[in-house]
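Chemist: I'd like to ask you about the structure that follows.
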Amino acid sequence: MQIGKTQILKVRRHAEAGVYLADTEGAEVLLPNRYVPEVCRVGDEVEVFVYTDGEDRPIAATVKPYAEAGEFACMKVKQVTNFGAFLDWGVMKDLLLPFSEQNREPQEGDSVFVYVYEDGVTHRVVASAKWEKFTEKDTSALKAGQKVQLIIAGKTELGYKTVIDSKYRGLLFFSDVFRPLSIGDKVEGYIEKVREDGKVDVRLKKNGYDSVSSEAEAILSKLKAEGGFIPTTDKTEPEKIYAIYGISKKTYKKAVGDLYKRHLITLTPIGIKLS
């Protein structure tokens, strides 16, 4: 039975407190009455999340946490005690962030980005704010232009720290960000560059002509929908560019340049219009 994981178990027997589920090896876990389905017969299969209760006994629930063992997530601090900080995990029992796994002293109400794992000694599921040590150092499998899933993990002076495909560390430069992002957000992205030291740069939009071409076509369609004129220029604020087109100012300028070279639009001091 996997502690800290969602799994499918079979109903073995009914009890006053709920029903006992069993895995293929015969190990049992209690599913409390509050989670027992209306129709629940011996032999039925139930998808449950298994964790440990206050007395370190395995217990099952039909609700899912914000992150399972082996996953990254942003969680809110509910309580700070002598044992560490307790995080809102999405299940009945809060998740412990031990002192040894903290990178700063959290306060109640803070949001903390963590990695969730099963402690090999206590067999409890705990969190670690030192999430970088759980990422893989060998990034040779990543290639420039590759589409990936990103989780926003933190900020630096240069940009956002990210987790790439739940395995690797990456950096998303502020100059490549064209919309608001928060810690814990999950977004699609692309590998920009894998450096010789193994560090990885990522971006939200695909690099190269294909990306510019698709954005140019989107601007062209919007121009037609707006009657052939939109009041944006290369001096328009980035925030307004994003509000109108949903892209960065850098991408906007490249796309408009592409349309201009193809003689599809005319540039005026107050905006762009269809040729």
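Simple scheme: letters A, B, ... for chains in structure tokens order, numbers from 1 for residues in each chain, numbers from 1 for ligands in the order shown.
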Might you pull out every residue within 10 Å of A:Glu192, with only C-alpha atoms counted and same-chain residues fewer than 5 positions away left off, and present them as an mmCIF file with all heavy atoms, in the first residue's frame?
Modeler:
```
data_model
loop_
_atom_site.group_PDB
_atom_site.id
_atom_site.type_symbol
_atom_site.label_atom_id
_atom_site.label_comp_id
_atom_site.auth_asym_id
_atom_site.auth_seq_id
_atom_site.Cartn_x
_atom_site.Cartn_y
_atom_site.Cartn_z
ATOM 1 N N LEU A 142 16.641 17.192 -21.964
ATOM 2 C CA LEU A 142 15.885 18.360 -22.423
ATOM 3 C C LEU A 142 16.532 18.968 -23.659
ATOM 4 O O LEU A 142 17.754 19.076 -23.735
ATOM 5 C CB LEU A 142 15.805 19.406 -21.311
ATOM 6 C CG LEU A 142 15.088 18.969 -20.028
ATOM 7 C CD1 LEU A 142 15.188 20.044 -18.967
ATOM 8 C CD2 LEU A 142 13.623 18.641 -20.308
ATOM 9 N N LYS A 143 15.716 19.386 -24.612
ATOM 10 C CA LYS A 143 16.198 19.965 -25.865
ATOM 11 C C LYS A 143 15.534 21.318 -26.122
ATOM 12 O O LYS A 143 14.363 21.520 -25.780
ATOM 13 C CB LYS A 143 15.907 19.020 -27.046
ATOM 14 C CG LYS A 143 16.431 17.593 -26.862
ATOM 15 C CD LYS A 143 17.950 17.562 -26.729
ATOM 16 C CE LYS A 143 18.441 16.118 -26.517
ATOM 17 N NZ LYS A 143 19.908 16.083 -26.250
ATOM 18 N N ALA A 144 16.263 22.232 -26.732
ATOM 19 C CA ALA A 144 15.717 23.547 -27.063
ATOM 20 C C ALA A 144 14.482 23.413 -27.946
ATOM 21 O O ALA A 144 14.471 22.619 -28.891
ATOM 22 C CB ALA A 144 16.781 24.389 -27.761
ATOM 23 N N GLY A 145 13.433 24.138 -27.626
ATOM 24 C CA GLY A 145 12.182 24.079 -28.381
ATOM 25 C C GLY A 145 11.195 23.055 -27.866
ATOM 26 O O GLY A 145 10.044 23.019 -28.310
ATOM 27 N N GLN A 146 11.618 22.206 -26.935
ATOM 28 C CA GLN A 146 10.755 21.152 -26.404
ATOM 29 C C GLN A 146 9.623 21.742 -25.572
ATOM 30 O O GLN A 146 9.829 22.629 -24.750
ATOM 31 C CB GLN A 146 11.609 20.211 -25.544
ATOM 32 C CG GLN A 146 10.856 19.059 -24.891
ATOM 33 C CD GLN A 146 11.790 18.187 -24.056
ATOM 34 O OE1 GLN A 146 13.008 18.165 -24.272
ATOM 35 N NE2 GLN A 146 11.239 17.466 -23.100
ATOM 36 N N LYS A 147 8.407 21.253 -25.790
ATOM 37 C CA LYS A 147 7.252 21.710 -25.015
ATOM 38 C C LYS A 147 7.248 21.017 -23.667
ATOM 39 O O LYS A 147 7.416 19.802 -23.581
ATOM 40 C CB LYS A 147 5.955 21.410 -25.768
ATOM 41 C CG LYS A 147 4.716 22.025 -25.144
ATOM 42 C CD LYS A 147 3.497 21.758 -26.012
ATOM 43 C CE LYS A 147 2.250 22.410 -25.460
ATOM 44 N NZ LYS A 147 1.060 22.152 -26.313
ATOM 45 N N GLY A 170 14.271 25.195 -13.612
ATOM 46 C CA GLY A 170 14.415 26.089 -14.748
ATOM 47 C C GLY A 170 14.259 27.533 -14.322
ATOM 48 O O GLY A 170 13.834 27.814 -13.193
ATOM 49 N N LEU A 171 14.611 28.446 -15.207
ATOM 50 C CA LEU A 171 14.462 29.874 -14.936
ATOM 51 C C LEU A 171 13.700 30.523 -16.080
ATOM 52 O O LEU A 171 14.055 30.370 -17.248
ATOM 53 C CB LEU A 171 15.829 30.545 -14.780
ATOM 54 C CG LEU A 171 15.797 32.048 -14.458
ATOM 55 C CD1 LEU A 171 15.142 32.289 -13.105
ATOM 56 C CD2 LEU A 171 17.200 32.633 -14.477
ATOM 57 N N LEU A 172 12.642 31.236 -15.721
ATOM 58 C CA LEU A 172 11.826 31.986 -16.673
ATOM 59 C C LEU A 172 12.108 33.468 -16.461
ATOM 60 O O LEU A 172 11.738 34.034 -15.419
ATOM 61 C CB LEU A 172 10.337 31.680 -16.436
ATOM 62 C CG LEU A 172 9.308 32.486 -17.220
ATOM 63 C CD1 LEU A 172 9.446 32.246 -18.716
ATOM 64 C CD2 LEU A 172 7.897 32.148 -16.746
ATOM 65 N N VAL A 200 18.787 25.452 -16.931
ATOM 66 C CA VAL A 200 17.842 25.484 -18.051
ATOM 67 C C VAL A 200 17.053 26.790 -18.048
ATOM 68 O O VAL A 200 16.508 27.208 -17.027
ATOM 69 C CB VAL A 200 16.855 24.297 -17.961
ATOM 70 C CG1 VAL A 200 15.929 24.281 -19.172
ATOM 71 C CG2 VAL A 200 17.606 22.974 -17.855
ATOM 72 N N ASP A 201 17.011 27.445 -19.215
ATOM 73 C CA ASP A 201 16.169 28.626 -19.410
ATOM 74 C C ASP A 201 14.898 28.192 -20.126
ATOM 75 O O ASP A 201 14.954 27.376 -21.063
ATOM 76 C CB ASP A 201 16.886 29.679 -20.256
ATOM 77 C CG ASP A 201 18.154 30.197 -19.590
ATOM 78 O OD1 ASP A 201 18.276 30.049 -18.362
ATOM 79 O OD2 ASP A 201 19.025 30.724 -20.308
ATOM 80 N N VAL A 202 13.770 28.733 -19.694
ATOM 81 C CA VAL A 202 12.490 28.388 -20.315
ATOM 82 C C VAL A 202 11.768 29.668 -20.712
ATOM 83 O O VAL A 202 12.110 30.761 -20.268
ATOM 84 C CB VAL A 202 11.601 27.553 -19.371
ATOM 85 C CG1 VAL A 202 12.249 26.224 -19.059
ATOM 86 C CG2 VAL A 202 11.306 28.318 -18.076
ATOM 87 N N ARG A 203 10.759 29.535 -21.553
ATOM 88 C CA ARG A 203 9.920 30.656 -21.958
ATOM 89 C C ARG A 203 8.481 30.166 -22.099
ATOM 90 O O ARG A 203 8.221 28.957 -22.193
ATOM 91 C CB ARG A 203 10.427 31.282 -23.254
ATOM 92 C CG ARG A 203 10.486 30.363 -24.440
ATOM 93 C CD ARG A 203 11.178 31.015 -25.630
ATOM 94 N NE ARG A 203 10.460 32.193 -26.079
ATOM 95 C CZ ARG A 203 11.033 33.379 -26.272
ATOM 96 N NH1 ARG A 203 12.303 33.548 -26.053
ATOM 97 N NH2 ARG A 203 10.323 34.407 -26.703
ATOM 98 N N LEU A 204 7.539 31.092 -22.132
ATOM 99 C CA LEU A 204 6.130 30.729 -22.219
ATOM 100 C C LEU A 204 5.663 30.551 -23.654
ATOM 101 O O LEU A 204 4.710 29.810 -23.907
ATOM 102 C CB LEU A 204 5.261 31.794 -21.541
ATOM 103 C CG LEU A 204 5.490 31.983 -20.041
ATOM 104 C CD1 LEU A 204 4.533 33.028 -19.491
ATOM 105 C CD2 LEU A 204 5.322 30.679 -19.287
ATOM 106 N N LYS A 205 6.320 31.222 -24.582
ATOM 107 C CA LYS A 205 5.958 31.114 -25.987
ATOM 108 C C LYS A 205 7.056 30.408 -26.753
ATOM 109 O O LYS A 205 8.240 30.534 -26.448
ATOM 110 C CB LYS A 205 5.735 32.509 -26.591
ATOM 111 C CG LYS A 205 4.472 33.195 -26.087
ATOM 112 C CD LYS A 205 3.232 32.584 -26.692
ATOM 113 C CE LYS A 205 1.984 33.358 -26.302
ATOM 114 N NZ LYS A 205 0.759 32.788 -26.900
ATOM 115 N N LYS A 206 6.665 29.674 -27.795
ATOM 116 C CA LYS A 206 7.641 28.985 -28.626
ATOM 117 C C LYS A 206 8.490 30.004 -29.377
ATOM 118 O O LYS A 206 7.976 30.979 -29.906
ATOM 119 C CB LYS A 206 6.931 28.063 -29.621
ATOM 120 C CG LYS A 206 7.871 27.113 -30.344
ATOM 121 C CD LYS A 206 7.095 26.110 -31.164
ATOM 122 C CE LYS A 206 8.020 25.095 -31.817
ATOM 123 N NZ LYS A 206 7.288 24.090 -32.607
ATOM 124 N N ASN A 207 9.786 29.770 -29.400
ATOM 125 C CA ASN A 207 10.699 30.687 -30.064
ATOM 126 C C ASN A 207 10.746 30.395 -31.561
ATOM 127 O O ASN A 207 10.426 29.298 -32.006
ATOM 128 C CB ASN A 207 12.104 30.549 -29.475
ATOM 129 C CG ASN A 207 12.922 31.810 -29.640
ATOM 130 O OD1 ASN A 207 12.435 32.793 -30.197
ATOM 131 N ND2 ASN A 207 14.151 31.789 -29.168
#
```
Chemist: Sorted by chain and rising residue number, list the residues of stretch 113-213 of chain A at most 8 Å from stretch 237-256 of chain A (counting only C-alpha atoms), each with its closest atom pair and distance in Å to one decimal, as a tab-separated table.
Modeler:
```
residue	atom	partner	partner_atom	distance
A:Asp176	CA	A:Ser248	CA	7.4
A:Val177	CA	A:Ser248	CA	7.0
A:Phe178	CA	A:Ser248	CA	4.5
A:Arg179	CA	A:Tyr242	CA	7.1
A:Val212	CA	A:Ala255	CA	5.3
A:Ser213	CA	A:Ala255	CA	6.7
```
Chemist: So, counting only C-alpha atoms, which residue among A:Phe113, A:Phe229, A:Tyr66, A:Tyr168 is closest to A:Val194?
Modeler: A:Tyr168
Chemist: If we count only C-alpha atoms and set the cut-off at 7 Å, which residues sit around A:Val80, ignoring sequence neighbours fewer than 3 positions away in its own chain? Please answer as a compact mmCIF listing (two decimals) with C-alpha atoms, in the first residue's frame.
Modeler:
```
# COMPACT_ATOMS: atom_id res chain seq x y z
CA GLY A 84 7.36 22.73 12.68
CA ALA A 85 4.75 24.34 10.46
CA PHE A 86 1.53 22.63 9.47
CA GLN A 107 4.31 32.55 9.59
CA GLU A 108 0.66 31.58 9.82
```
Chemist: Which residue is closest to A:Lys137? Choose from A:Ala22, A:Arg169, A:Ser221, A:Leu95 and count only C-alpha atoms.
Modeler: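 Once distances to A:Lys137 are computed over only C-alpha atoms, the minimum belongs to A:Arg169.
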Chemist: Out of A:Asp94, A:Val36, A:Glu28, A:Thr6, which residue has the shortest atom-to-atom distance to A:Gln79 when counting only C-alpha atoms?
Modeler: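 Among the listed residues, A:Asp94 lies closest to A:Gln79.
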Chemist: Could you find all residues in stretch 22-168 of chain A that DSSP calls helix (DSSP H, G or I) from the backbone, and write them as a ChimeraX atom specification?
Modeler: /A:33-35,99-101,131-134
Chemist: Using only C-alpha atoms, which of the listed residues (A:Tyr115, A:Phe134, A:Tyr160, A:Phe83) sits closest to A:Asp185?
Modeler: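 Between A:Tyr115, A:Phe134, A:Tyr160, A:Phe83, the residue approaching A:Asp185 most closely is A:Tyr160.
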Chemist: Just asking: which residues within stretch 86-204 of chain A are strand (DSSP E) according to DSSP, as a compact mmCIF listing (two decimals) with C-alpha atoms, in the first residue's frame?
Modeler:
```
# COMPACT_ATOMS: atom_id res chain seq x y z
CA PHE A 86 1.53 22.63 9.47
CA LEU A 87 0.23 23.23 5.95
CA LEU A 95 0.85 18.32 6.37
CA LEU A 96 3.96 18.81 8.52
CA LEU A 97 6.79 21.00 7.26
CA PRO A 98 9.59 20.05 9.73
CA SER A 111 2.15 30.49 1.18
CA VAL A 112 5.07 28.07 0.86
CA PHE A 113 6.25 26.14 -2.21
CA VAL A 114 7.11 22.57 -1.18
CA TYR A 115 7.90 19.06 -2.33
CA VAL A 116 5.80 16.29 -0.75
CA TYR A 117 7.46 12.97 0.11
CA GLU A 118 7.32 9.97 2.43
CA VAL A 125 4.25 12.00 4.50
CA VAL A 126 5.90 15.39 5.06
CA ALA A 127 6.79 18.52 3.10
CA SER A 128 10.10 20.18 2.27
CA LYS A 147 7.25 21.71 -25.01
CA VAL A 148 7.09 21.23 -21.24
CA GLN A 149 4.85 21.75 -18.22
CA LEU A 150 6.03 24.38 -15.75
CA ILE A 151 5.20 25.08 -12.11
CA ILE A 152 6.12 28.54 -10.83
CA ALA A 153 8.21 27.89 -7.71
CA GLY A 154 9.70 31.22 -6.63
CA LYS A 155 11.35 34.48 -7.69
CA GLY A 159 12.94 35.93 -13.11
CA TYR A 160 10.83 33.04 -11.86
CA LYS A 161 12.20 29.74 -10.59
CA THR A 162 10.27 26.88 -12.21
CA VAL A 163 9.90 23.13 -11.95
CA ILE A 164 10.01 21.55 -15.41
CA TYR A 168 14.05 19.68 -13.37
CA ARG A 169 14.80 23.24 -12.29
CA GLY A 170 14.42 26.09 -14.75
CA LEU A 171 14.46 29.87 -14.94
CA LEU A 172 11.83 31.99 -16.67
CA PHE A 173 13.19 35.50 -17.25
CA LYS A 186 0.95 25.56 -13.63
CA VAL A 187 1.57 26.72 -17.21
CA GLU A 188 2.75 25.36 -20.54
CA GLY A 189 6.17 26.45 -21.71
CA TYR A 190 9.14 25.68 -23.92
CA ILE A 191 12.82 24.98 -23.36
CA GLU A 192 14.79 28.04 -24.46
CA LYS A 193 18.30 26.83 -23.69
CA VAL A 194 20.13 24.07 -21.80
CA VAL A 200 17.84 25.48 -18.05
CA ASP A 201 16.17 28.63 -19.41
CA VAL A 202 12.49 28.39 -20.32
CA ARG A 203 9.92 30.66 -21.96
```
Chemist: So which residues touch A:Leu259 within 9 Å, counting only C-alpha atoms, skipping near sequence neighbours fewer than 4 positions away, as a list in words?
Modeler: Ser213, Ala216, Glu217, Ile219, Leu220, Lys254, Ala255, His263, Leu264, Ile265 and Thr266 of chain A
Chemist: Can you pull out the residues contacting A:Leu9? Cut-off 10 Å, using only C-alpha atoms, and skip same-chain residues under 6 positions away; I want them as an NGL selection string.
Modeler: :A and (1 or 20-24 or 27-29 or 43-49 or 60)
Chemist: One decimal, in Å: what's the spacing between atom CA of A:Thr81 and atom CA of A:Ser166?
Modeler: 29.7 Å
Chemist: In Å, how far is it from atom CA of A:Glu105 to atom CA of A:Lys5?
Modeler: 28.2 Å
